[in-house]
>>> print(open('target08.cif').read())   # mmCIF, C-alpha atoms
data_input
loop_
_atom_site.group_PDB
_atom_site.id
_atom_site.type_symbol
_atom_site.label_atom_id
_atom_site.label_comp_id
_atom_site.auth_asym_id
_atom_site.auth_seq_id
_atom_site.Cartn_x
_atom_site.Cartn_y
_atom_site.Cartn_z
ATOM 1 C CA MET A 1 20.666 47.712 -22.464
ATOM 2 C CA ARG A 2 23.238 45.120 -21.428
ATOM 3 C CA LYS A 3 22.429 45.841 -17.784
ATOM 4 C CA ALA A 4 18.736 45.288 -18.442
ATOM 5 C CA ILE A 5 19.507 41.974 -20.140
ATOM 6 C CA GLY A 6 21.695 40.970 -17.180
ATOM 7 C CA ILE A 7 18.851 41.691 -14.766
ATOM 8 C CA CYS A 8 16.232 39.886 -16.847
ATOM 9 C CA ALA A 9 18.273 36.708 -17.414
ATOM 10 C CA PRO A 10 17.975 35.406 -13.821
ATOM 11 C CA LEU A 11 14.284 36.252 -13.809
ATOM 12 C CA VAL A 12 13.692 34.288 -17.018
ATOM 13 C CA ALA A 13 15.650 31.317 -15.608
ATOM 14 C CA ALA A 14 13.586 31.401 -12.415
ATOM 15 C CA LEU A 15 10.368 31.441 -14.401
ATOM 16 C CA LEU A 16 11.535 28.492 -16.488
ATOM 17 C CA LEU A 17 12.430 26.503 -13.386
ATOM 18 C CA ALA A 18 9.083 27.344 -11.817
ATOM 19 C CA GLY A 19 7.353 26.141 -14.975
ATOM 20 C CA CYS A 20 9.269 22.841 -14.871
ATOM 21 C CA SER A 21 8.479 22.229 -11.202
ATOM 22 C CA SER A 22 4.779 22.776 -11.868
ATOM 23 C CA GLN A 23 4.643 19.961 -14.439
ATOM 24 C CA PRO A 24 2.591 17.003 -13.147
ATOM 25 C CA SER A 25 4.145 13.626 -12.369
ATOM 26 C CA TYR A 26 2.473 10.422 -13.548
ATOM 27 C CA TYR A 27 2.038 7.135 -11.703
ATOM 28 C CA ALA A 28 0.076 3.897 -11.896
ATOM 29 C CA THR A 29 -1.419 1.388 -9.496
ATOM 30 C CA GLN A 30 -3.880 -1.515 -9.500
ATOM 31 C CA LEU A 31 -7.075 -2.240 -7.593
ATOM 32 C CA ASP A 32 -9.085 -5.447 -7.346
ATOM 33 C CA THR A 33 -12.208 -3.330 -6.723
ATOM 34 C CA SER A 34 -12.338 0.096 -8.354
ATOM 35 C CA GLY A 35 -15.413 1.209 -6.380
ATOM 36 C CA GLY A 36 -16.665 3.418 -9.216
ATOM 37 C CA LEU A 37 -13.380 5.314 -9.443
ATOM 38 C CA GLY A 38 -13.009 7.129 -12.764
ATOM 39 C CA PRO A 39 -11.070 9.830 -14.637
ATOM 40 C CA GLY A 40 -11.163 13.158 -12.824
ATOM 41 C CA ASP A 41 -11.593 11.661 -9.348
ATOM 42 C CA ALA A 42 -9.244 13.090 -6.742
ATOM 43 C CA ILE A 43 -5.849 11.903 -5.564
ATOM 44 C CA THR A 44 -5.574 13.037 -1.945
ATOM 45 C CA HIS A 45 -2.910 13.215 0.737
ATOM 46 C CA ALA A 46 -3.463 14.474 4.294
ATOM 47 C CA SER A 47 -7.029 15.443 3.289
ATOM 48 C CA ALA A 48 -5.779 17.726 0.481
ATOM 49 C CA THR A 49 -6.311 17.123 -3.237
ATOM 50 C CA ILE A 50 -2.935 16.808 -4.972
ATOM 51 C CA GLY A 51 -3.897 15.279 -8.322
ATOM 52 C CA GLN A 52 -6.461 13.312 -10.271
ATOM 53 C CA VAL A 53 -7.152 9.945 -11.864
ATOM 54 C CA THR A 54 -6.481 9.995 -15.598
ATOM 55 C CA SER A 55 -7.722 6.529 -16.596
ATOM 56 C CA VAL A 56 -9.195 3.284 -15.251
ATOM 57 C CA THR A 57 -8.548 0.244 -17.459
ATOM 58 C CA PRO A 58 -9.909 -3.273 -16.794
ATOM 59 C CA ILE A 59 -7.233 -5.973 -16.699
ATOM 60 C CA SER A 60 -7.298 -9.696 -15.953
ATOM 61 C CA ASP A 61 -9.219 -11.365 -13.093
ATOM 62 C CA GLY A 62 -11.583 -8.406 -12.703
ATOM 63 C CA ASP A 63 -8.819 -6.058 -11.530
ATOM 64 C CA SER A 64 -8.226 -2.526 -12.821
ATOM 65 C CA GLU A 65 -5.162 -0.517 -13.805
ATOM 66 C CA ILE A 66 -5.365 3.032 -12.438
ATOM 67 C CA ALA A 67 -3.286 5.802 -14.012
ATOM 68 C CA PHE A 68 -3.097 9.160 -12.239
ATOM 69 C CA GLU A 69 -1.224 12.425 -12.174
ATOM 70 C CA VAL A 70 0.032 14.470 -9.240
ATOM 71 C CA GLU A 71 0.740 18.197 -9.259
ATOM 72 C CA GLY A 72 4.442 18.960 -9.538
ATOM 73 C CA SER A 73 4.491 20.806 -6.223
ATOM 74 C CA HIS A 74 3.210 17.646 -4.487
ATOM 75 C CA ALA A 75 5.248 15.012 -6.330
ATOM 76 C CA ASP A 76 7.606 14.580 -3.366
ATOM 77 C CA GLU A 77 4.637 13.282 -1.333
ATOM 78 C CA ILE A 78 4.602 10.109 -3.457
ATOM 79 C CA HIS A 79 7.088 7.630 -1.971
ATOM 80 C CA TYR A 80 8.416 4.278 -3.138
ATOM 81 C CA ASP A 81 6.479 2.594 -0.323
ATOM 82 C CA SER A 82 3.266 4.609 -0.767
ATOM 83 C CA ILE A 83 0.084 2.542 -0.841
ATOM 84 C CA MET A 84 -2.679 4.086 -2.958
ATOM 85 C CA THR A 85 -5.854 3.400 -1.000
ATOM 86 C CA LEU A 86 -9.405 3.570 -2.338
ATOM 87 C CA ASN A 87 -11.590 5.919 -0.293
ATOM 88 C CA ASN A 88 -15.356 5.582 -0.686
ATOM 89 C CA LEU A 89 -16.412 7.679 2.302
ATOM 90 C CA GLY A 90 -17.111 10.883 0.360
ATOM 91 C CA THR A 91 -19.692 11.732 -2.254
ATOM 92 C CA ALA A 92 -17.241 10.590 -4.932
ATOM 93 C CA PRO A 93 -14.507 7.936 -4.659
ATOM 94 C CA SER A 94 -10.887 8.998 -4.432
ATOM 95 C CA LEU A 95 -7.405 7.522 -4.060
ATOM 96 C CA ASP A 96 -5.557 8.454 -0.884
ATOM 97 C CA VAL A 97 -1.765 8.385 -0.627
ATOM 98 C CA MET A 98 -0.774 6.377 2.445
ATOM 99 C CA ASN A 99 2.921 6.681 3.261
ATOM 100 C CA VAL A 100 4.112 3.849 5.473
ATOM 101 C CA ASP A 101 7.396 5.553 6.373
ATOM 102 C CA ALA A 102 7.773 9.329 6.264
ATOM 103 C CA MET A 103 11.540 8.919 5.786
ATOM 104 C CA SER A 104 11.301 6.863 2.593
ATOM 105 C CA HIS A 105 12.476 8.282 -0.733
ATOM 106 C CA SER A 106 10.159 10.129 -3.102
ATOM 107 C CA ALA A 107 9.205 8.102 -6.183
ATOM 108 C CA PRO A 108 9.921 9.553 -9.645
ATOM 109 C CA SER A 109 7.277 9.980 -12.305
ATOM 110 C CA GLY A 110 6.438 6.645 -13.919
ATOM 111 C CA THR A 111 6.657 4.572 -10.730
ATOM 112 C CA ARG A 112 4.124 1.756 -10.247
ATOM 113 C CA LEU A 113 2.772 1.789 -6.688
ATOM 114 C CA ASP A 114 0.889 -0.733 -4.573
ATOM 115 C CA GLY A 115 -2.880 -0.212 -4.595
ATOM 116 C CA ALA A 116 -5.383 -1.282 -1.927
ATOM 117 C CA SER A 117 -9.175 -1.364 -2.201
ATOM 118 C CA SER A 118 -9.628 -1.445 1.591
ATOM 119 C CA MET A 119 -7.764 -0.925 4.855
ATOM 120 C CA ASN A 120 -7.583 -4.713 5.206
ATOM 121 C CA GLU A 121 -5.576 -4.814 1.978
ATOM 122 C CA VAL A 122 -3.303 -2.026 3.254
ATOM 123 C CA GLN A 123 -2.433 -4.255 6.205
ATOM 124 C CA MET A 124 -1.849 -7.176 3.831
ATOM 125 C CA PHE A 125 0.677 -5.162 1.818
ATOM 126 C CA ILE A 126 2.519 -4.212 5.008
ATOM 127 C CA THR A 127 2.527 -7.861 6.093
ATOM 128 C CA ALA A 128 3.804 -8.942 2.671
ATOM 129 C CA ARG A 129 6.738 -6.517 2.819
ATOM 130 C CA GLY A 130 8.030 -8.074 6.006
ATOM 131 C CA PRO A 131 11.087 -7.011 8.043
ATOM 132 C CA GLY A 132 13.845 -5.269 6.157
ATOM 133 C CA SER A 133 11.770 -4.393 3.093
ATOM 134 C CA PHE A 134 12.279 -0.654 3.610
ATOM 135 C CA ALA A 135 16.000 -1.147 4.181
ATOM 136 C CA GLN A 136 16.173 -3.087 0.926
ATOM 137 C CA ALA A 137 14.368 -0.306 -0.946
ATOM 138 C CA LEU A 138 16.843 2.252 0.383
ATOM 139 C CA GLY A 139 19.728 0.002 -0.596
ATOM 140 C CA ASN A 140 18.428 -0.309 -4.143
ATOM 141 C CA VAL A 141 18.229 3.481 -4.437
ATOM 142 C CA ALA A 142 21.694 4.001 -2.988
ATOM 143 C CA ASN A 143 23.204 1.324 -5.220
ATOM 144 C CA MET A 144 21.253 2.449 -8.327
ATOM 145 C CA GLY A 145 19.395 -0.832 -8.735
ATOM 146 C CA SER A 146 22.141 -3.138 -7.485
ATOM 147 C CA SER A 147 20.884 -6.486 -6.220
ATOM 148 C CA THR A 148 22.833 -6.058 -2.975
ATOM 149 C CA ALA A 149 20.967 -4.419 -0.103
ATOM 150 C CA PRO A 150 21.672 -3.962 3.597
ATOM 151 C CA ALA A 151 20.269 -6.663 5.852
ATOM 152 C CA PRO A 152 17.662 -5.563 8.403
ATOM 153 C CA SER A 153 19.112 -4.638 11.786
ATOM 154 C CA GLN A 154 18.633 -6.991 14.723
ATOM 155 C CA SER A 155 16.415 -4.431 16.455
ATOM 156 C CA THR A 156 14.192 -4.207 13.352
ATOM 157 C CA VAL A 157 13.826 -7.984 13.204
ATOM 158 C CA GLN A 158 13.031 -8.187 16.928
ATOM 159 C CA MET A 159 10.473 -5.396 16.672
ATOM 160 C CA THR A 160 8.799 -7.069 13.699
ATOM 161 C CA GLN A 161 8.669 -10.416 15.493
ATOM 162 C CA MET A 162 7.171 -8.779 18.564
ATOM 163 C CA MET A 163 4.527 -6.986 16.501
ATOM 164 C CA ALA A 164 3.696 -10.233 14.718
ATOM 165 C CA ALA A 165 3.250 -12.004 18.049
ATOM 166 C CA ILE A 166 1.011 -9.212 19.343
ATOM 167 C CA SER A 167 -1.021 -9.305 16.121
ATOM 168 C CA GLN A 168 -1.509 -13.066 16.369
ATOM 169 C CA GLN A 169 -2.547 -12.823 20.021
ATOM 170 C CA THR A 170 -4.986 -10.007 19.209
ATOM 171 C CA LEU A 171 -6.466 -12.040 16.366
ATOM 172 C CA ALA A 172 -6.840 -15.115 18.574
ATOM 173 C CA THR A 173 -8.586 -13.071 21.271
ATOM 174 C CA ALA A 174 -10.907 -11.395 18.758
ATOM 175 C CA VAL A 175 -11.837 -14.735 17.182
ATOM 176 C CA ALA A 176 -12.552 -16.243 20.601
ATOM 177 C CA VAL A 177 -14.812 -13.339 21.599
ATOM 178 C CA ALA A 178 -16.573 -12.848 18.239
ATOM 179 C CA PRO A 179 -15.875 -15.558 15.653
ATOM 180 C CA PRO A 180 -15.947 -14.182 12.079
ATOM 181 C CA THR A 181 -18.863 -15.025 9.873
ATOM 182 C CA GLN A 182 -18.387 -17.089 6.729
ATOM 183 C CA GLN A 183 -19.006 -13.929 4.711
ATOM 184 C CA GLN A 184 -16.153 -12.150 6.501
ATOM 185 C CA ILE A 185 -13.825 -15.101 5.934
ATOM 186 C CA ASP A 186 -14.728 -15.228 2.240
ATOM 187 C CA GLU A 187 -14.115 -11.473 1.909
ATOM 188 C CA ALA A 188 -10.704 -11.783 3.575
ATOM 189 C CA LYS A 189 -9.769 -14.585 1.178
ATOM 190 C CA ARG A 190 -10.903 -12.522 -1.828
ATOM 191 C CA GLU A 191 -8.880 -9.499 -0.714
ATOM 192 C CA SER A 192 -5.815 -11.633 -0.030
ATOM 193 C CA LEU A 193 -5.971 -13.161 -3.507
ATOM 194 C CA GLY A 194 -6.337 -9.682 -5.041
ATOM 195 C CA VAL A 195 -3.226 -8.405 -3.266
ATOM 196 C CA GLU A 196 -1.335 -11.574 -4.176
ATOM 197 C CA ARG A 197 -2.220 -11.194 -7.867
ATOM 198 C CA GLN A 198 -0.986 -7.614 -7.873
ATOM 199 C CA LEU A 199 2.285 -8.543 -6.207
ATOM 200 C CA MET A 200 2.891 -11.320 -8.728
ATOM 201 C CA ARG A 201 2.142 -9.020 -11.692
ATOM 202 C CA ASN A 202 4.669 -6.523 -10.371
ATOM 203 C CA GLY A 203 7.392 -9.126 -9.937
ATOM 204 C CA LYS A 204 7.192 -9.236 -6.124
ATOM 205 C CA SER A 205 6.960 -13.013 -5.840
ATOM 206 C CA GLU A 206 8.768 -13.120 -2.483
ATOM 207 C CA GLN A 207 6.230 -10.725 -0.982
ATOM 208 C CA ALA A 208 3.375 -12.761 -2.492
ATOM 209 C CA GLU A 209 4.716 -15.919 -0.871
ATOM 210 C CA ARG A 210 5.104 -14.164 2.484
ATOM 211 C CA LEU A 211 1.514 -12.934 2.321
ATOM 212 C CA ARG A 212 0.233 -16.382 1.324
ATOM 213 C CA ALA A 213 1.977 -18.004 4.288
ATOM 214 C CA SER A 214 0.786 -15.335 6.727
ATOM 215 C CA MET A 215 -2.834 -15.410 5.543
ATOM 216 C CA GLY A 216 -2.804 -19.205 5.554
ATOM 217 C CA GLY A 217 -1.903 -19.163 9.233
ATOM 218 C CA MET A 218 -4.536 -16.537 10.018
ATOM 219 C CA MET A 219 -7.248 -18.359 8.094
ATOM 220 C CA GLY A 220 -6.351 -21.569 9.892
ATOM 221 C CA GLY A 221 -6.821 -19.797 13.205
ATOM 222 C CA MET A 222 -10.169 -18.321 12.164
ATOM 223 C CA THR A 223 -11.602 -21.519 10.742
ATOM 224 C CA ALA A 224 -10.084 -24.093 13.106
ATOM 225 C CA PRO A 225 -12.736 -26.335 14.693
ATOM 226 C CA ILE A 226 -13.365 -26.043 18.421
ATOM 227 C CA ASN A 227 -11.487 -28.612 20.484
ATOM 228 C CA PRO A 228 -14.075 -30.186 22.844
ATOM 229 C CA THR A 229 -11.390 -31.132 25.389
ATOM 230 C CA ALA A 230 -10.528 -27.440 25.765
ATOM 231 C CA LEU A 231 -14.054 -26.570 26.889
ATOM 232 C CA PRO A 232 -15.065 -26.629 30.570
ATOM 233 C CA PRO A 233 -17.136 -29.680 31.583
ATOM 234 C CA THR A 234 -20.862 -29.210 31.557
ATOM 235 C CA SER A 235 -22.780 -29.645 34.784
ATOM 236 C CA PRO A 236 -25.173 -32.595 34.908
ATOM 237 C CA ASN A 237 -28.834 -31.771 34.781
ATOM 238 C CA PRO A 238 -30.429 -31.679 38.225
#
>>> encode(input="target08.cif", output="C-alpha coordinates")
Amino acid sequence: MRKAIGICAPLVAALLLAGCSSQPSYYATQLDTSGGLGPGDAITHASATIGQVTSVTPISDGDSEIAFEVEGSHADEIHYDSIMTLNNLGTAPSLDVMNVDAMSHSAPSGTRLDGASSMNEVQMFITARGPGSFAQALGNVANMGSSTAPAPSQSTVQMTQMMAAISQQTLATAVAVAPPTQQQIDEAKRESLGVERQLMRNGKSEQAERLRASMGGMMGGMTAPINPTALPPTSPNP
(Lines of atoms letter the chains of each structure in order from A and count residues from 1; the text may use other names and numbers.)
(Lines give C-alpha, C1' and ligand atoms only; values in the text may rest on other atoms or scores of the structure.)
Protein backbone atom coordinates (compact mmCIF):
# COMPACT_ATOMS: atom_id res chain seq x y z
CA MET A 1 0.00 0.00 0.00
CA ARG A 2 2.80 2.38 0.93
CA LYS A 3 4.47 1.66 -2.40
CA ALA A 4 1.26 2.48 -4.25
CA ILE A 5 0.98 5.76 -2.35
CA GLY A 6 4.62 6.56 -3.18
CA ILE A 7 3.94 5.99 -6.88
CA CYS A 8 0.72 8.02 -6.90
CA ALA A 9 2.13 11.05 -5.06
CA PRO A 10 4.29 12.31 -7.97
CA LEU A 11 1.42 11.72 -10.37
CA VAL A 12 -0.96 13.78 -8.22
CA ALA A 13 1.64 16.58 -7.96
CA ALA A 14 2.10 16.59 -11.73
CA LEU A 15 -1.64 16.81 -12.27
CA LEU A 16 -1.89 19.71 -9.83
CA LEU A 17 0.92 21.57 -11.57
CA ALA A 18 -0.69 20.94 -14.95
CA GLY A 19 -3.96 22.32 -13.59
CA CYS A 20 -2.21 25.47 -12.34
CA SER A 21 -0.42 26.07 -15.64
CA SER A 22 -3.72 25.80 -17.52
CA GLN A 23 -5.28 28.67 -15.54
CA PRO A 24 -5.83 31.74 -17.76
CA SER A 25 -3.92 34.98 -17.25
CA TYR A 26 -5.74 38.32 -17.32
CA TYR A 27 -4.68 41.59 -18.91
CA ALA A 28 -6.09 44.96 -19.91
CA THR A 29 -5.53 47.53 -22.63
CA GLN A 30 -7.22 50.60 -24.12
CA LEU A 31 -8.39 51.51 -27.60
CA ASP A 32 -9.56 54.85 -28.98
CA THR A 33 -11.69 52.95 -31.52
CA SER A 34 -13.06 49.57 -30.46
CA GLY A 35 -14.22 48.64 -33.98
CA GLY A 36 -17.14 46.58 -32.68
CA LEU A 37 -14.90 44.46 -30.46
CA GLY A 38 -16.86 42.68 -27.73
CA PRO A 39 -16.76 39.88 -25.14
CA GLY A 40 -15.89 36.54 -26.69
CA ASP A 41 -13.89 38.00 -29.59
CA ALA A 42 -10.52 36.36 -30.13
CA ILE A 43 -7.09 37.28 -28.82
CA THR A 44 -4.63 36.07 -31.46
CA HIS A 45 -0.89 35.65 -31.81
CA ALA A 46 0.89 34.37 -34.94
CA SER A 47 -2.55 33.68 -36.48
CA ALA A 48 -3.54 31.36 -33.60
CA THR A 49 -6.29 32.07 -31.07
CA ILE A 50 -4.80 32.18 -27.56
CA GLY A 51 -7.58 33.83 -25.56
CA GLN A 52 -10.67 36.01 -25.64
CA VAL A 53 -11.99 39.44 -24.76
CA THR A 54 -13.88 39.41 -21.47
CA SER A 55 -15.24 42.98 -21.39
CA VAL A 56 -15.29 46.29 -23.26
CA THR A 57 -16.01 49.32 -21.05
CA PRO A 58 -16.39 52.91 -22.32
CA ILE A 59 -14.11 55.41 -20.60
CA SER A 60 -13.43 59.11 -21.10
CA ASP A 61 -12.96 60.86 -24.47
CA GLY A 62 -14.71 58.07 -26.37
CA ASP A 63 -12.00 55.51 -25.58
CA SER A 64 -12.61 51.97 -24.32
CA GLU A 65 -11.03 49.77 -21.67
CA ILE A 66 -10.54 46.22 -22.96
CA ALA A 67 -10.14 43.34 -20.50
CA PHE A 68 -9.08 39.95 -21.85
CA GLU A 69 -7.82 36.55 -20.80
CA VAL A 70 -5.12 34.37 -22.31
CA GLU A 71 -4.83 30.61 -21.96
CA GLY A 72 -2.23 29.59 -19.40
CA SER A 73 -0.19 27.68 -21.97
CA HIS A 74 0.15 30.90 -24.03
CA ALA A 75 0.70 33.41 -21.22
CA ASP A 76 4.44 33.62 -21.97
CA GLU A 77 3.55 35.09 -25.39
CA ILE A 78 2.37 38.30 -23.69
CA HIS A 79 5.39 40.57 -23.16
CA TYR A 80 5.88 43.84 -21.31
CA ASP A 81 6.31 45.60 -24.65
CA SER A 82 3.44 43.83 -26.43
CA ILE A 83 1.09 46.11 -28.35
CA MET A 84 -2.48 44.81 -28.54
CA THR A 85 -3.61 45.68 -32.06
CA LEU A 86 -7.19 45.79 -33.31
CA ASN A 87 -7.71 43.56 -36.35
CA ASN A 88 -10.81 44.17 -38.45
CA LEU A 89 -9.85 42.10 -41.49
CA GLY A 90 -11.84 38.99 -40.55
CA THR A 91 -15.54 38.37 -40.22
CA ALA A 92 -15.31 39.39 -36.56
CA PRO A 93 -12.87 41.84 -34.94
CA SER A 94 -10.02 40.52 -32.82
CA LEU A 95 -7.02 41.74 -30.83
CA ASP A 96 -3.64 40.62 -32.12
CA VAL A 97 -0.57 40.41 -29.88
CA MET A 98 2.29 42.29 -31.54
CA ASN A 99 5.62 41.71 -29.81
CA VAL A 100 8.13 44.41 -30.66
CA ASP A 101 11.11 42.46 -29.30
CA ALA A 102 11.08 38.67 -29.09
CA MET A 103 13.68 38.82 -26.30
CA SER A 104 11.59 40.95 -23.94
CA HIS A 105 10.26 39.51 -20.68
CA SER A 106 6.85 37.88 -20.40
CA ALA A 107 4.28 40.02 -18.58
CA PRO A 108 2.51 38.59 -15.52
CA SER A 109 -1.24 38.39 -15.18
CA GLY A 110 -2.70 41.81 -14.38
CA THR A 111 -0.35 43.80 -16.62
CA ARG A 112 -1.79 46.78 -18.52
CA LEU A 113 -0.55 46.78 -22.12
CA ASP A 114 -0.47 49.39 -24.87
CA GLY A 115 -3.40 49.14 -27.28
CA ALA A 116 -3.53 50.34 -30.90
CA SER A 117 -6.60 50.69 -33.11
CA SER A 118 -4.51 50.73 -36.31
CA MET A 119 -1.03 50.02 -37.64
CA ASN A 120 -0.42 53.78 -37.67
CA GLU A 121 -0.94 53.80 -33.91
CA VAL A 122 1.43 50.84 -33.52
CA GLN A 123 4.13 52.94 -35.15
CA MET A 124 3.25 55.86 -32.87
CA PHE A 125 3.76 53.71 -29.77
CA ILE A 126 7.15 52.57 -31.07
CA THR A 127 8.09 56.19 -31.78
CA ALA A 128 6.95 57.24 -28.30
CA ARG A 129 9.12 54.61 -26.61
CA GLY A 130 12.26 56.02 -28.18
CA PRO A 131 15.83 54.70 -27.82
CA GLY A 132 16.62 52.81 -24.66
CA SER A 133 13.01 52.13 -23.67
CA PHE A 134 13.48 48.36 -23.86
CA ALA A 135 16.73 48.58 -21.89
CA GLN A 136 14.90 50.56 -19.22
CA ALA A 137 12.14 47.95 -19.03
CA LEU A 138 14.71 45.20 -18.55
CA GLY A 139 16.44 47.25 -15.88
CA ASN A 140 13.19 47.72 -13.98
CA VAL A 141 12.60 43.96 -14.00
CA ALA A 142 16.15 43.17 -12.91
CA ASN A 143 16.05 45.77 -10.14
CA MET A 144 12.49 44.85 -9.05
CA GLY A 145 11.02 48.26 -9.82
CA SER A 146 14.08 50.34 -8.95
CA SER A 147 14.15 53.74 -10.62
CA THR A 148 17.69 53.12 -11.87
CA ALA A 149 18.00 51.57 -15.32
CA PRO A 150 20.88 50.99 -17.73
CA ALA A 151 21.43 53.75 -20.27
CA PRO A 152 21.00 52.79 -23.93
CA SER A 153 24.21 51.70 -25.63
CA GLN A 154 25.88 54.03 -28.11
CA SER A 155 25.13 51.60 -30.94
CA THR A 156 21.42 51.59 -29.99
CA VAL A 157 21.30 55.39 -30.00
CA GLN A 158 23.09 55.58 -33.36
CA MET A 159 20.79 52.98 -34.89
CA THR A 160 17.71 54.82 -33.62
CA GLN A 161 18.98 58.14 -34.98
CA MET A 162 19.70 56.55 -38.35
CA MET A 163 16.23 54.99 -38.51
CA ALA A 164 14.67 58.32 -37.57
CA ALA A 165 16.58 60.06 -40.36
CA ILE A 166 15.51 57.41 -42.87
CA SER A 167 11.90 57.70 -41.70
CA GLN A 168 11.93 61.48 -42.09
CA GLN A 169 13.47 61.25 -45.56
CA THR A 170 10.89 58.63 -46.59
CA LEU A 171 8.07 60.81 -45.29
CA ALA A 172 9.41 63.86 -47.13
CA THR A 173 9.66 61.90 -50.38
CA ALA A 174 6.17 60.44 -49.99
CA VAL A 175 4.67 63.86 -49.27
CA ALA A 176 6.41 65.36 -52.30
CA VAL A 177 5.13 62.60 -54.61
CA ALA A 178 1.60 62.30 -53.17
CA PRO A 179 0.65 65.00 -50.66
CA PRO A 180 -1.78 63.69 -48.00
CA THR A 181 -5.37 64.78 -48.15
CA GLN A 182 -6.89 66.86 -45.37
CA GLN A 183 -8.86 63.79 -44.32
CA GLN A 184 -5.65 61.78 -43.92
CA ILE A 185 -4.04 64.57 -41.90
CA ASP A 186 -7.09 64.83 -39.64
CA GLU A 187 -7.08 61.05 -39.11
CA ALA A 188 -3.38 61.08 -38.20
CA LYS A 189 -4.02 63.86 -35.67
CA ARG A 190 -6.95 61.93 -34.16
CA GLU A 191 -4.89 58.76 -33.81
CA SER A 192 -1.96 60.65 -32.30
CA LEU A 193 -4.21 62.25 -29.69
CA GLY A 194 -5.70 58.84 -28.85
CA VAL A 195 -2.27 57.31 -28.26
CA GLU A 196 -1.20 60.35 -26.26
CA ARG A 197 -4.27 60.10 -24.00
CA GLN A 198 -3.56 56.45 -23.32
CA LEU A 199 0.07 57.11 -22.47
CA MET A 200 -0.90 59.88 -20.06
CA ARG A 201 -3.53 57.70 -18.34
CA ASN A 202 -0.91 55.00 -17.82
CA GLY A 203 1.62 57.40 -16.32
CA LYS A 204 3.92 57.45 -19.37
CA SER A 205 4.17 61.23 -19.62
CA GLU A 206 7.71 61.15 -21.03
CA GLN A 207 6.58 58.91 -23.89
CA ALA A 208 3.56 61.17 -24.49
CA GLU A 209 5.83 64.20 -24.78
CA ARG A 210 8.16 62.36 -27.16
CA LEU A 211 5.23 61.39 -29.37
CA ARG A 212 3.84 64.94 -29.32
CA ALA A 213 7.18 66.38 -30.43
CA SER A 214 7.66 63.76 -33.15
CA MET A 215 4.14 64.11 -34.55
CA GLY A 216 4.42 67.89 -34.42
CA GLY A 217 7.46 67.72 -36.67
CA MET A 218 5.78 65.27 -39.04
CA MET A 219 2.59 67.32 -39.24
CA GLY A 220 4.64 70.42 -39.95
CA GLY A 221 6.29 68.63 -42.85
CA MET A 222 2.96 67.41 -44.24
CA THR A 223 1.17 70.73 -43.96
CA ALA A 224 4.01 73.15 -44.73
CA PRO A 225 3.15 75.54 -47.57
CA ILE A 226 5.04 75.23 -50.84
CA ASN A 227 7.96 77.62 -51.14
CA PRO A 228 7.60 79.33 -54.56
CA THR A 229 11.35 80.04 -54.77
CA ALA A 230 12.01 76.29 -54.62
CA LEU A 231 9.97 75.65 -57.77
CA PRO A 232 11.56 75.71 -61.24
CA PRO A 233 10.83 78.88 -63.24
CA THR A 234 7.93 78.68 -65.63
CA SER A 235 8.56 79.19 -69.32
CA PRO A 236 7.01 82.30 -70.85
CA ASN A 237 4.07 81.74 -73.12
CA PRO A 238 5.05 81.70 -76.79
>>> closest_residue(input="target08.cif", among="A:Val53, A:Val195, A:Met98, A:Ile43", to="Glu209 of chain A", atoms="all atoms listed in the file")
A:Val195
>>> resolve_selection(input="target08.cif", expression="the PyMOL selection byres ((chain A and resi 62) around 10)", output="PyMOL selection string")
chain A and resi 31-34+58-61+63-64+194
>>> residues_around(input="target08.cif", residues="Asn120 of chain A", least_positions_apart="3", cutoff="10 Å", atoms="only C-alpha atoms", output="PyMOL selection string")
chain A and resi 116-117+123-125+187-188+191-192
>>> resolve_selection(input="target08.cif", expression="the PyMOL selection byres ((chain A and resi 28) around 9)", output="mmCIF file with C-alpha atoms, in the coordinates of the input")
data_model
loop_
_atom_site.group_PDB
_atom_site.id
_atom_site.type_symbol
_atom_site.label_atom_id
_atom_site.label_comp_id
_atom_site.auth_asym_id
_atom_site.auth_seq_id
_atom_site.Cartn_x
_atom_site.Cartn_y
_atom_site.Cartn_z
ATOM 1 C CA TYR A 26 2.473 10.422 -13.548
ATOM 2 C CA TYR A 27 2.038 7.135 -11.703
ATOM 3 C CA THR A 29 -1.419 1.388 -9.496
ATOM 4 C CA GLN A 30 -3.880 -1.515 -9.500
ATOM 5 C CA GLU A 65 -5.162 -0.517 -13.805
ATOM 6 C CA ILE A 66 -5.365 3.032 -12.438
ATOM 7 C CA ALA A 67 -3.286 5.802 -14.012
ATOM 8 C CA PHE A 68 -3.097 9.160 -12.239
ATOM 9 C CA GLU A 69 -1.224 12.425 -12.174
ATOM 10 C CA GLY A 110 6.438 6.645 -13.919
ATOM 11 C CA THR A 111 6.657 4.572 -10.730
ATOM 12 C CA ARG A 112 4.124 1.756 -10.247
ATOM 13 C CA LEU A 113 2.772 1.789 -6.688
ATOM 14 C CA ASP A 114 0.889 -0.733 -4.573
ATOM 15 C CA GLY A 115 -2.880 -0.212 -4.595
#
>>> closest_residue(input="target08.cif", among="A:Gln183, A:Thr127, A:Ser109, A:Asn99", to="Gly72 of chain A", atoms="only C-alpha atoms")
A:Ser109
>>> atom_distance(input="target08.cif", atom1="atom CA of Ala128 of chain A", atom2="atom CA of Thr85 of chain A")
16.1 Å
